Amino acid sequence: MTETNVTPESQVEAASKAFEQEFERFARFTGDSNELAGLDLEAAIAGERALSELRTRHLGKKSALAAAKKLIGRVAPEGRAAFGQLVQAAEAAVTEALEKAEQRLKHHIEAARTARESIDVTEPGRRPRTGHRHPITILRERLEDIFVSLGYAIEDGREIETDFYNFDALNIPENHPARAWQDTFYTTEGFALRSQTSTVQIHAMQRRGAPVRMIAPGRVFRRDTPDPTHNPMFYQVEGLCVDRGITMAHLKGTVAEFLRRMFGPDTVTRFRPSYFPFTEPSAEFDFSCFKCKGAGCRICKNSGWIELGGSGMVHPNVLRAVGIDPQEYSGFAFGLGIDRMCALMYELDDIRLLFENDVRFLEKFE
């Protein structure tokens, strides 16, 4: 039995036929441009990768044509030129077919990608949704505007305080009963989250001395069980005025003017005796219901009055704690909860709604 002779020319012919047979499945990439119209972007990208692999198989270093090139030097001199031209012609045909298919496929991919990412500038745009202020922020800024117009400065302070600023300087020494209802969250020894913004008043008097006229809005903390009217974290504003000759009449006039500017010129104010360790005498103040004008409704619990906060003349011990002579200076202080006032003004049944970050609730204040 004799072995079939394999000539160099037959190797080139076999390589060309193998390419043509495999390239048949890419025929749609070389025909009319309409044939590519139904090809989606993902399929076109996959076809581009397949063409790249086809190029490697038929034109790469390990391809049949590459092997045929190595045979040129072994062909007899009289047939070497003709064989070289044959190899070059086969390689050129393969290269041309691949480049044509790749170029058309590349244009199709670019067009498909542009169509997918294009924007119709004639369509109405979607504007970004803008935020808005929280209801507590709205009320706080309104309070600040009123007191600034009355000549008060706005003071801010730290939320972690020492026992001295949170209790001792406010005439609440250790083991004083008032520490129980102002119990707060303690961190390391000697430090705690402030239970009232009166701490800012102590810092202000130490830094500025007397006279001083300021309000201190901010966040405070107490160990309250959350319910519709209580929260372990809430917002408060406290006011302070210290000067020569300050009396209870100044306190009543300031609070009455603030409430008139907040709820209207017909608002009536009343004071009831109370007790606070850092003021003496002390009083809680109410104002006539802004909803029913004193007739009685759900907001004022049919009493005609709304309880708002506490006040009083600054205790001499507080003035002494910050180095102010109570024989020369006197002053008044007052405080109220911003959260509860916010709940009253917006008729909220539960102050916890203010802190739950429910977008459906907050959208009502846009």
# chains A, B, ... in the order shown; residues from 1 in each chain; ligands from 1
>>> select_by_dssp(residues="range 22-168 of chain A", states="helix (DSSP H, G or I)", output="ChimeraX atom specification")
/A:22-29,33-36,41-59,64-69,72-74,77-117,135-149,163-166,168
>>> select_by_dssp(residues="range 61-260 of chain A", states="strand (DSSP E or B)", output="number ranges by chain")
A: 153-154, 160-162, 186, 191-193, 212-221, 227, 230, 233-243
>>> write_last_selection(atoms="N, CA, C and O atoms", output="short mmCIF file (atom, residue, chain, number, x, y, z; two decimals), in the first residue's frame")
data_model
loop_
_atom_site.label_atom_id
_atom_site.label_comp_id
_atom_site.auth_asym_id
_atom_site.auth_seq_id
_atom_site.Cartn_x
_atom_site.Cartn_y
_atom_site.Cartn_z
N ALA A 153 -29.10 86.75 70.98
CA ALA A 153 -28.10 86.04 70.18
C ALA A 153 -28.42 84.55 70.18
O ALA A 153 -29.05 84.04 71.11
N ILE A 154 -27.98 83.85 69.13
CA ILE A 154 -28.16 82.40 69.04
C ILE A 154 -26.87 81.73 69.46
O ILE A 154 -25.81 82.00 68.91
N ILE A 160 -22.33 66.49 74.62
CA ILE A 160 -21.77 65.68 75.71
C ILE A 160 -21.16 66.64 76.72
O ILE A 160 -20.30 67.45 76.38
N GLU A 161 -21.63 66.56 77.96
CA GLU A 161 -21.23 67.52 78.98
C GLU A 161 -20.73 66.82 80.24
O GLU A 161 -20.94 65.61 80.43
N THR A 162 -20.11 67.60 81.11
CA THR A 162 -19.69 67.11 82.42
C THR A 162 -20.83 67.31 83.41
O THR A 162 -21.79 68.05 83.16
N TYR A 186 -25.35 58.28 80.38
CA TYR A 186 -23.99 58.54 80.82
C TYR A 186 -23.00 57.78 79.94
O TYR A 186 -23.23 56.63 79.55
N PHE A 191 -19.02 62.15 82.45
CA PHE A 191 -19.57 62.71 81.22
C PHE A 191 -20.94 62.10 80.94
O PHE A 191 -21.20 60.94 81.27
N ALA A 192 -21.80 62.91 80.31
CA ALA A 192 -23.15 62.44 80.00
C ALA A 192 -23.70 63.26 78.85
O ALA A 192 -23.25 64.38 78.58
N LEU A 193 -24.70 62.71 78.15
CA LEU A 193 -25.42 63.48 77.15
C LEU A 193 -26.26 64.53 77.87
O LEU A 193 -26.91 64.22 78.87
N VAL A 212 -25.96 89.54 79.33
CA VAL A 212 -26.06 88.56 78.25
C VAL A 212 -27.53 88.35 77.92
O VAL A 212 -28.39 88.36 78.81
N ARG A 213 -27.79 88.19 76.64
CA ARG A 213 -29.16 87.93 76.18
C ARG A 213 -29.05 86.93 75.04
O ARG A 213 -28.51 87.25 73.98
N MET A 214 -29.56 85.72 75.23
CA MET A 214 -29.33 84.64 74.27
C MET A 214 -30.41 83.58 74.34
O MET A 214 -31.15 83.48 75.32
N ILE A 215 -30.52 82.81 73.25
CA ILE A 215 -31.31 81.58 73.28
C ILE A 215 -30.41 80.44 72.82
O ILE A 215 -29.44 80.65 72.09
N ALA A 216 -30.73 79.24 73.27
CA ALA A 216 -29.92 78.06 72.96
C ALA A 216 -30.83 76.94 72.47
O ALA A 216 -31.33 76.14 73.27
N PRO A 217 -31.06 76.85 71.15
CA PRO A 217 -31.83 75.72 70.62
C PRO A 217 -30.90 74.54 70.39
O PRO A 217 -29.72 74.70 70.10
N GLY A 218 -31.43 73.33 70.52
CA GLY A 218 -30.59 72.16 70.28
C GLY A 218 -31.24 70.87 70.73
O GLY A 218 -32.35 70.84 71.26
N ARG A 219 -30.48 69.79 70.57
CA ARG A 219 -30.96 68.45 70.88
C ARG A 219 -30.54 68.06 72.28
O ARG A 219 -29.40 68.29 72.68
N VAL A 220 -31.45 67.44 73.03
CA VAL A 220 -31.16 67.00 74.40
C VAL A 220 -31.63 65.55 74.57
O VAL A 220 -32.35 65.01 73.73
N PHE A 221 -31.21 64.94 75.67
CA PHE A 221 -31.43 63.50 75.86
C PHE A 221 -31.89 63.24 77.30
O PHE A 221 -31.31 63.78 78.25
N ASP A 227 -43.23 57.32 73.70
CA ASP A 227 -44.68 57.23 73.58
C ASP A 227 -45.13 58.43 72.75
O ASP A 227 -44.30 59.22 72.29
N HIS A 230 -43.54 61.55 74.40
CA HIS A 230 -42.19 61.53 74.97
C HIS A 230 -41.23 60.80 74.03
O HIS A 230 -41.64 59.88 73.30
N MET A 233 -34.84 61.33 72.90
CA MET A 233 -34.10 62.41 72.26
C MET A 233 -35.11 63.40 71.71
O MET A 233 -36.06 63.02 71.04
N PHE A 234 -34.95 64.67 72.04
CA PHE A 234 -35.89 65.68 71.55
C PHE A 234 -35.17 67.02 71.44
O PHE A 234 -34.00 67.16 71.85
N TYR A 235 -35.87 67.98 70.86
CA TYR A 235 -35.29 69.31 70.64
C TYR A 235 -35.91 70.32 71.60
O TYR A 235 -37.10 70.28 71.88
N GLN A 236 -35.08 71.24 72.05
CA GLN A 236 -35.48 72.19 73.07
C GLN A 236 -34.86 73.54 72.75
O GLN A 236 -33.82 73.62 72.09
N VAL A 237 -35.48 74.59 73.19
CA VAL A 237 -34.88 75.91 73.11
C VAL A 237 -35.02 76.57 74.47
O VAL A 237 -36.08 76.51 75.09
N GLU A 238 -33.93 77.14 74.96
CA GLU A 238 -33.94 77.84 76.24
C GLU A 238 -33.41 79.25 76.03
O GLU A 238 -32.51 79.47 75.21
N GLY A 239 -34.01 80.18 76.76
CA GLY A 239 -33.61 81.57 76.66
C GLY A 239 -33.08 82.09 77.98
O GLY A 239 -33.44 81.59 79.05
N LEU A 240 -32.20 83.08 77.88
CA LEU A 240 -31.58 83.66 79.09
C LEU A 240 -31.37 85.15 78.88
O LEU A 240 -30.92 85.58 77.81
N CYS A 241 -31.69 85.90 79.90
CA CYS A 241 -31.41 87.34 79.90
C CYS A 241 -30.88 87.72 81.28
O CYS A 241 -31.57 87.53 82.29
N VAL A 242 -29.65 88.21 81.35
CA VAL A 242 -29.03 88.62 82.61
C VAL A 242 -28.52 90.05 82.45
O VAL A 242 -27.77 90.35 81.51
N ASP A 243 -28.95 90.93 83.37
CA ASP A 243 -28.52 92.33 83.31
C ASP A 243 -28.87 92.97 84.64
O ASP A 243 -29.46 92.32 85.53
#
>>> residues_around(residues="Glu356 in chain A", least_positions_apart="6", cutoff="12 Å", atoms="only C-alpha atoms", output="PyMOL selection string")
chain A and resi 134+231+350+362
>>> write_last_selection(atoms="all heavy atoms", output="mmCIF file, in the first residue's frame")
data_model
loop_
_atom_site.group_PDB
_atom_site.id
_atom_site.type_symbol
_atom_site.label_atom_id
_atom_site.label_comp_id
_atom_site.auth_asym_id
_atom_site.auth_seq_id
_atom_site.Cartn_x
_atom_site.Cartn_y
_atom_site.Cartn_z
ATOM 1 N N HIS A 134 -36.934 69.956 57.325
ATOM 2 C CA HIS A 134 -37.720 69.147 58.253
ATOM 3 C C HIS A 134 -38.632 70.073 59.060
ATOM 4 O O HIS A 134 -38.275 71.229 59.324
ATOM 5 C CB HIS A 134 -36.755 68.396 59.181
ATOM 6 C CG HIS A 134 -37.403 67.337 59.997
ATOM 7 N ND1 HIS A 134 -38.057 67.613 61.187
ATOM 8 C CD2 HIS A 134 -37.503 65.994 59.813
ATOM 9 C CE1 HIS A 134 -38.520 66.478 61.701
ATOM 10 N NE2 HIS A 134 -38.203 65.491 60.878
ATOM 11 N N ASN A 231 -39.991 61.206 74.099
ATOM 12 C CA ASN A 231 -38.945 60.579 73.300
ATOM 13 C C ASN A 231 -37.628 60.716 74.064
ATOM 14 O O ASN A 231 -37.403 61.741 74.711
ATOM 15 C CB ASN A 231 -38.838 61.262 71.932
ATOM 16 C CG ASN A 231 -38.658 60.267 70.815
ATOM 17 O OD1 ASN A 231 -39.239 59.180 70.839
ATOM 18 N ND2 ASN A 231 -37.851 60.609 69.835
ATOM 19 N N ASP A 350 -48.677 61.996 67.386
ATOM 20 C CA ASP A 350 -47.540 61.234 67.902
ATOM 21 C C ASP A 350 -46.250 61.939 67.477
ATOM 22 O O ASP A 350 -45.963 62.066 66.282
ATOM 23 C CB ASP A 350 -47.580 59.809 67.341
ATOM 24 C CG ASP A 350 -46.631 58.869 68.065
ATOM 25 O OD1 ASP A 350 -45.609 59.345 68.593
ATOM 26 O OD2 ASP A 350 -46.895 57.653 68.091
ATOM 27 N N LEU A 362 -43.137 63.062 55.645
ATOM 28 C CA LEU A 362 -42.348 64.269 55.406
ATOM 29 C C LEU A 362 -42.777 65.000 54.142
ATOM 30 O O LEU A 362 -42.594 66.218 54.041
ATOM 31 C CB LEU A 362 -40.853 63.896 55.316
ATOM 32 C CG LEU A 362 -40.246 63.319 56.608
ATOM 33 C CD1 LEU A 362 -38.817 62.874 56.360
ATOM 34 C CD2 LEU A 362 -40.294 64.345 57.732
#
>>> residues_around(residues="range 169-179 of chain A", least_positions_apart="4", cutoff="9 Å", atoms="only C-alpha atoms", output="PDB file with N, CA and C atoms, in the first residue's frame")
ATOM      1  N   ASP A 163     -20.711  66.679  84.562  1.00  0.00           N
ATOM      2  CA  ASP A 163     -21.718  66.852  85.619  1.00  0.00           C
ATOM      3  C   ASP A 163     -21.829  68.312  86.037  1.00  0.00           C
ATOM      4  N   PHE A 164     -20.721  69.021  85.985  1.00  0.00           N
ATOM      5  CA  PHE A 164     -20.743  70.422  86.441  1.00  0.00           C
ATOM      6  C   PHE A 164     -21.703  71.240  85.586  1.00  0.00           C
ATOM      7  N   TYR A 165     -21.580  71.153  84.259  1.00  0.00           N
ATOM      8  CA  TYR A 165     -22.413  71.973  83.392  1.00  0.00           C
ATOM      9  C   TYR A 165     -23.842  71.452  83.308  1.00  0.00           C
ATOM     10  N   ASP A 183     -32.782  62.429  84.502  1.00  0.00           N
ATOM     11  CA  ASP A 183     -31.772  61.391  84.294  1.00  0.00           C
ATOM     12  C   ASP A 183     -31.492  61.235  82.806  1.00  0.00           C
ATOM     13  N   THR A 184     -30.223  61.107  82.477  1.00  0.00           N
ATOM     14  CA  THR A 184     -29.826  61.093  81.080  1.00  0.00           C
ATOM     15  C   THR A 184     -28.982  59.867  80.772  1.00  0.00           C
ATOM     16  N   SER A 198     -29.716  74.241  78.913  1.00  0.00           N
ATOM     17  CA  SER A 198     -29.240  75.205  79.913  1.00  0.00           C
ATOM     18  C   SER A 198     -27.722  75.163  80.040  1.00  0.00           C
ATOM     19  N   THR A 199     -27.124  74.027  79.661  1.00  0.00           N
ATOM     20  CA  THR A 199     -25.659  73.932  79.712  1.00  0.00           C
ATOM     21  C   THR A 199     -25.014  74.996  78.828  1.00  0.00           C
ATOM     22  N   ILE A 202     -24.675  78.262  80.666  1.00  0.00           N
ATOM     23  CA  ILE A 202     -23.540  78.315  81.595  1.00  0.00           C
ATOM     24  C   ILE A 202     -22.259  78.653  80.832  1.00  0.00           C
ATOM     25  N   PHE A 276     -38.413  74.845  89.709  1.00  0.00           N
ATOM     26  CA  PHE A 276     -37.236  74.393  88.986  1.00  0.00           C
ATOM     27  C   PHE A 276     -36.029  74.745  89.830  1.00  0.00           C
ATOM     28  N   PRO A 277     -35.068  73.842  89.966  1.00  0.00           N
ATOM     29  CA  PRO A 277     -33.942  74.105  90.861  1.00  0.00           C
ATOM     30  C   PRO A 277     -33.051  75.262  90.427  1.00  0.00           C
ATOM     31  N   PHE A 278     -33.077  75.612  89.138  1.00  0.00           N
ATOM     32  CA  PHE A 278     -32.168  76.664  88.662  1.00  0.00           C
ATOM     33  C   PHE A 278     -32.842  78.026  88.540  1.00  0.00           C
ATOM     34  N   THR A 279     -34.128  78.140  88.925  1.00  0.00           N
ATOM     35  CA  THR A 279     -34.813  79.438  88.938  1.00  0.00           C
ATOM     36  C   THR A 279     -35.578  79.601  90.248  1.00  0.00           C
ATOM     37  N   HIS A 315     -31.643  81.546  89.484  1.00  0.00           N
ATOM     38  CA  HIS A 315     -31.292  81.351  90.893  1.00  0.00           C
ATOM     39  C   HIS A 315     -29.917  81.985  91.175  1.00  0.00           C
ATOM     40  N   ASN A 317     -27.566  81.014  93.000  1.00  0.00           N
ATOM     41  CA  ASN A 317     -26.484  80.022  92.986  1.00  0.00           C
ATOM     42  C   ASN A 317     -25.954  79.766  91.576  1.00  0.00           C
ATOM     43  N   VAL A 318     -26.836  79.877  90.583  1.00  0.00           N
ATOM     44  CA  VAL A 318     -26.413  79.696  89.189  1.00  0.00           C
ATOM     45  C   VAL A 318     -25.498  80.842  88.772  1.00  0.00           C
ATOM     46  N   LEU A 319     -25.873  82.063  89.186  1.00  0.00           N
ATOM     47  CA  LEU A 319     -25.024  83.211  88.849  1.00  0.00           C
ATOM     48  C   LEU A 319     -23.671  83.107  89.545  1.00  0.00           C
ATOM     49  N   ARG A 320     -23.666  82.674  90.792  1.00  0.00           N
ATOM     50  CA  ARG A 320     -22.390  82.540  91.511  1.00  0.00           C
ATOM     51  C   ARG A 320     -21.507  81.478  90.857  1.00  0.00           C
ATOM     52  N   ALA A 321     -22.112  80.399  90.320  1.00  0.00           N
ATOM     53  CA  ALA A 321     -21.336  79.304  89.725  1.00  0.00           C
ATOM     54  C   ALA A 321     -20.552  79.757  88.509  1.00  0.00           C
ATOM     55  N   VAL A 322     -21.003  80.838  87.858  1.00  0.00           N
ATOM     56  CA  VAL A 322     -20.299  81.323  86.665  1.00  0.00           C
ATOM     57  C   VAL A 322     -19.578  82.639  86.928  1.00  0.00           C
TER      58      VAL A 322
END
>>> residues_around(residues="Thr267 in chain A", least_positions_apart="4", cutoff="12 Å", atoms="only C-alpha atoms", output="ChimeraX atom specification")
/A:255-263,286-294,304-306
>>> closest_residue(among="A:Arg140, A:Lys252, A:Arg208, A:Arg133", to="Asp339 in chain A", atoms="only C-alpha atoms")
A:Arg140
>>> atom_distance(atom1="CA of Arg244 in chain A", atom2="CA of Leu308 in chain A")
27.5 Å
>>> decode(residues="range 342-354 of chain A", atoms="N, CA, C and O atoms", output="CSV table (one decimal), in the first residue's frame")
chain,number,residue,atom,x,y,z
A,342,CYS,N,-44.1,71.7,67.7
A,342,CYS,CA,-44.3,71.3,66.3
A,342,CYS,C,-45.5,70.4,66.2
A,342,CYS,O,-46.3,70.5,65.3
A,343,ALA,N,-45.7,69.4,67.1
A,343,ALA,CA,-46.8,68.5,67.1
A,343,ALA,C,-48.1,69.3,67.3
A,343,ALA,O,-49.1,69.0,66.6
A,344,LEU,N,-48.1,70.3,68.1
A,344,LEU,CA,-49.3,71.1,68.3
A,344,LEU,C,-49.7,71.9,67.0
A,344,LEU,O,-50.8,71.9,66.5
A,345,MET,N,-48.7,72.6,66.4
A,345,MET,CA,-48.9,73.4,65.3
A,345,MET,C,-49.4,72.6,64.1
A,345,MET,O,-50.2,73.1,63.3
A,346,TYR,N,-48.9,71.4,63.9
A,346,TYR,CA,-49.2,70.6,62.7
A,346,TYR,C,-50.2,69.5,63.1
A,346,TYR,O,-50.5,68.6,62.3
A,347,GLU,N,-50.8,69.6,64.3
A,347,GLU,CA,-51.8,68.6,64.8
A,347,GLU,C,-51.4,67.2,64.6
A,347,GLU,O,-52.1,66.4,64.0
A,348,LEU,N,-50.2,66.9,65.1
A,348,LEU,CA,-49.7,65.5,65.1
A,348,LEU,C,-50.1,64.8,66.4
A,348,LEU,O,-50.0,65.3,67.5
A,349,ASP,N,-50.6,63.5,66.3
A,349,ASP,CA,-51.0,62.8,67.4
A,349,ASP,C,-49.8,62.1,68.1
A,349,ASP,O,-49.9,61.6,69.2
A,350,ASP,N,-48.7,62.0,67.4
A,350,ASP,CA,-47.5,61.2,67.9
A,350,ASP,C,-46.2,61.9,67.5
A,350,ASP,O,-46.0,62.1,66.3
A,351,ILE,N,-45.5,62.4,68.5
A,351,ILE,CA,-44.2,63.1,68.1
A,351,ILE,C,-43.2,62.2,67.5
A,351,ILE,O,-42.2,62.7,66.9
A,352,ARG,N,-43.4,60.9,67.7
A,352,ARG,CA,-42.4,60.0,67.1
A,352,ARG,C,-42.4,60.0,65.6
A,352,ARG,O,-41.4,59.6,64.9
A,353,LEU,N,-43.5,60.5,65.0
A,353,LEU,CA,-43.5,60.7,63.5
A,353,LEU,C,-42.4,61.6,63.0
A,353,LEU,O,-42.0,61.5,61.9
A,354,LEU,N,-42.0,62.5,63.9
A,354,LEU,CA,-41.0,63.5,63.5
A,354,LEU,C,-39.6,62.9,63.3
A,354,LEU,O,-38.7,63.5,62.7
